[in-house]
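Asks: Below is one structure. I have some questions about it.
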Amino acid sequence: MHIDWGSLGQVALVSLLFGVGLAVLFALGVSAMARRAVAIDEKRQPSVADTGVAALCFAACLAAVFYGLYLIIPQFH
């Protein structure tokens with residue numbers, strides 16, 4: 001039995017980067033939404049940047065999930 005350690009290392013590295021990257025991206029989105037909610041609670045106008053950052057972060061997470069499903073489900077190819 002032969003194990004291609006280089007390919008295994010690549011898969012592990014990409015999985016780690018995407019797993020951590022998605023978690024960080026989602027956390028940034030939640031943080032931006034929290035800043036927006038605090039502004040609303042304090043009767044201030046919420047920042048357009050916070051809303052935009054949150055929307056972009058959540059959209060990127062959703063796109064990554066759908067791309068993963070596309071790769072996993074063979075009927076989509």
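Ligands are numbered from 1 in the order shown, chains are lettered A, B, ... in the order of the structure tokens, and residues start at 1 in each chain.
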Can you tell me, as a list in words, what residues are no more than 7 Å from stretch 51-62 of chain A when counting only C-alpha atoms, ignoring any on the same chain fewer than 5 positions away?
Replies: Leu22, Leu25, Phe26, Leu28, Gly29, Val30, Ala32, Met33 and Arg36 of chain A
Asks: Identify, with DSSP run on backbone atoms, the residues in chain A assigned to helix (DSSP H, G or I), and express the list as an MDAnalysis selection string.
Replies: chainID A and resid 5:41 48:72 74:76
Asks: Residues as selected, C-alpha atoms, written as an mmCIF file, in the first residue's frame, can you do that?
Replies:
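Output below, filename part-v1.cif:
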data_model
loop_
_atom_site.group_PDB
_atom_site.id
_atom_site.type_symbol
_atom_site.label_atom_id
_atom_site.label_comp_id
_atom_site.auth_asym_id
_atom_site.auth_seq_id
_atom_site.Cartn_x
_atom_site.Cartn_y
_atom_site.Cartn_z
ATOM 1 C CA TRP A 5 1.955 12.000 1.558
ATOM 2 C CA GLY A 6 2.289 15.140 -0.534
ATOM 3 C CA SER A 7 -1.293 14.937 -1.775
ATOM 4 C CA LEU A 8 -2.537 14.055 1.689
ATOM 5 C CA GLY A 9 -0.746 17.089 3.087
ATOM 6 C CA GLN A 10 -2.276 19.321 0.397
ATOM 7 C CA VAL A 11 -5.778 18.090 1.191
ATOM 8 C CA ALA A 12 -5.211 18.585 4.914
ATOM 9 C CA LEU A 13 -3.827 22.108 4.392
ATOM 10 C CA VAL A 14 -6.640 23.210 2.074
ATOM 11 C CA SER A 15 -9.242 21.747 4.429
ATOM 12 C CA LEU A 16 -7.711 23.542 7.391
ATOM 13 C CA LEU A 17 -7.472 26.868 5.563
ATOM 14 C CA PHE A 18 -11.026 26.735 4.252
ATOM 15 C CA GLY A 19 -12.435 25.512 7.551
ATOM 16 C CA VAL A 20 -10.726 28.249 9.549
ATOM 17 C CA GLY A 21 -11.334 30.819 6.822
ATOM 18 C CA LEU A 22 -15.077 30.191 6.744
ATOM 19 C CA ALA A 23 -15.309 30.348 10.520
ATOM 20 C CA VAL A 24 -13.423 33.674 10.561
ATOM 21 C CA LEU A 25 -15.557 35.036 7.718
ATOM 22 C CA PHE A 26 -18.763 34.087 9.526
ATOM 23 C CA ALA A 27 -17.449 35.621 12.770
ATOM 24 C CA LEU A 28 -16.704 38.877 10.938
ATOM 25 C CA GLY A 29 -20.262 38.900 9.623
ATOM 26 C CA VAL A 30 -21.700 38.318 13.083
ATOM 27 C CA SER A 31 -19.475 41.054 14.512
ATOM 28 C CA ALA A 32 -20.644 43.540 11.874
ATOM 29 C CA MET A 33 -24.279 42.646 12.563
ATOM 30 C CA ALA A 34 -23.690 43.123 16.298
ATOM 31 C CA ARG A 35 -22.230 46.604 15.705
ATOM 32 C CA ARG A 36 -25.279 47.388 13.592
ATOM 33 C CA ALA A 37 -27.641 46.155 16.320
ATOM 34 C CA VAL A 38 -25.847 48.217 18.971
ATOM 35 C CA ALA A 39 -26.215 51.328 16.831
ATOM 36 C CA ILE A 40 -29.939 50.669 16.450
ATOM 37 C CA ASP A 41 -30.315 50.089 20.205
ATOM 38 C CA VAL A 48 -23.866 51.262 5.824
ATOM 39 C CA ALA A 49 -20.379 49.725 5.941
ATOM 40 C CA ASP A 50 -21.364 47.353 8.757
ATOM 41 C CA THR A 51 -24.434 46.234 6.851
ATOM 42 C CA GLY A 52 -22.421 45.764 3.674
ATOM 43 C CA VAL A 53 -19.624 43.859 5.394
ATOM 44 C CA ALA A 54 -22.104 41.554 7.101
ATOM 45 C CA ALA A 55 -23.957 40.915 3.843
ATOM 46 C CA LEU A 56 -20.735 40.185 1.951
ATOM 47 C CA CYS A 57 -19.428 37.849 4.663
ATOM 48 C CA PHE A 58 -22.670 35.891 4.841
ATOM 49 C CA ALA A 59 -22.960 35.759 1.036
ATOM 50 C CA ALA A 60 -19.402 34.410 0.773
ATOM 51 C CA CYS A 61 -20.163 31.744 3.392
ATOM 52 C CA LEU A 62 -23.324 30.752 1.548
ATOM 53 C CA ALA A 63 -21.445 30.607 -1.755
ATOM 54 C CA ALA A 64 -18.785 28.365 -0.203
ATOM 55 C CA VAL A 65 -21.450 26.004 1.153
ATOM 56 C CA PHE A 66 -23.180 25.777 -2.235
ATOM 57 C CA TYR A 67 -19.844 25.233 -3.982
ATOM 58 C CA GLY A 68 -19.061 22.410 -1.566
ATOM 59 C CA LEU A 69 -22.438 20.834 -2.275
ATOM 60 C CA TYR A 70 -21.780 21.209 -5.990
ATOM 61 C CA LEU A 71 -18.492 19.345 -5.605
ATOM 62 C CA ILE A 72 -20.014 16.581 -3.488
ATOM 63 C CA PRO A 74 -22.446 14.200 -8.767
ATOM 64 C CA GLN A 75 -25.812 15.062 -10.397
ATOM 65 C CA PHE A 76 -24.785 18.739 -10.453
#
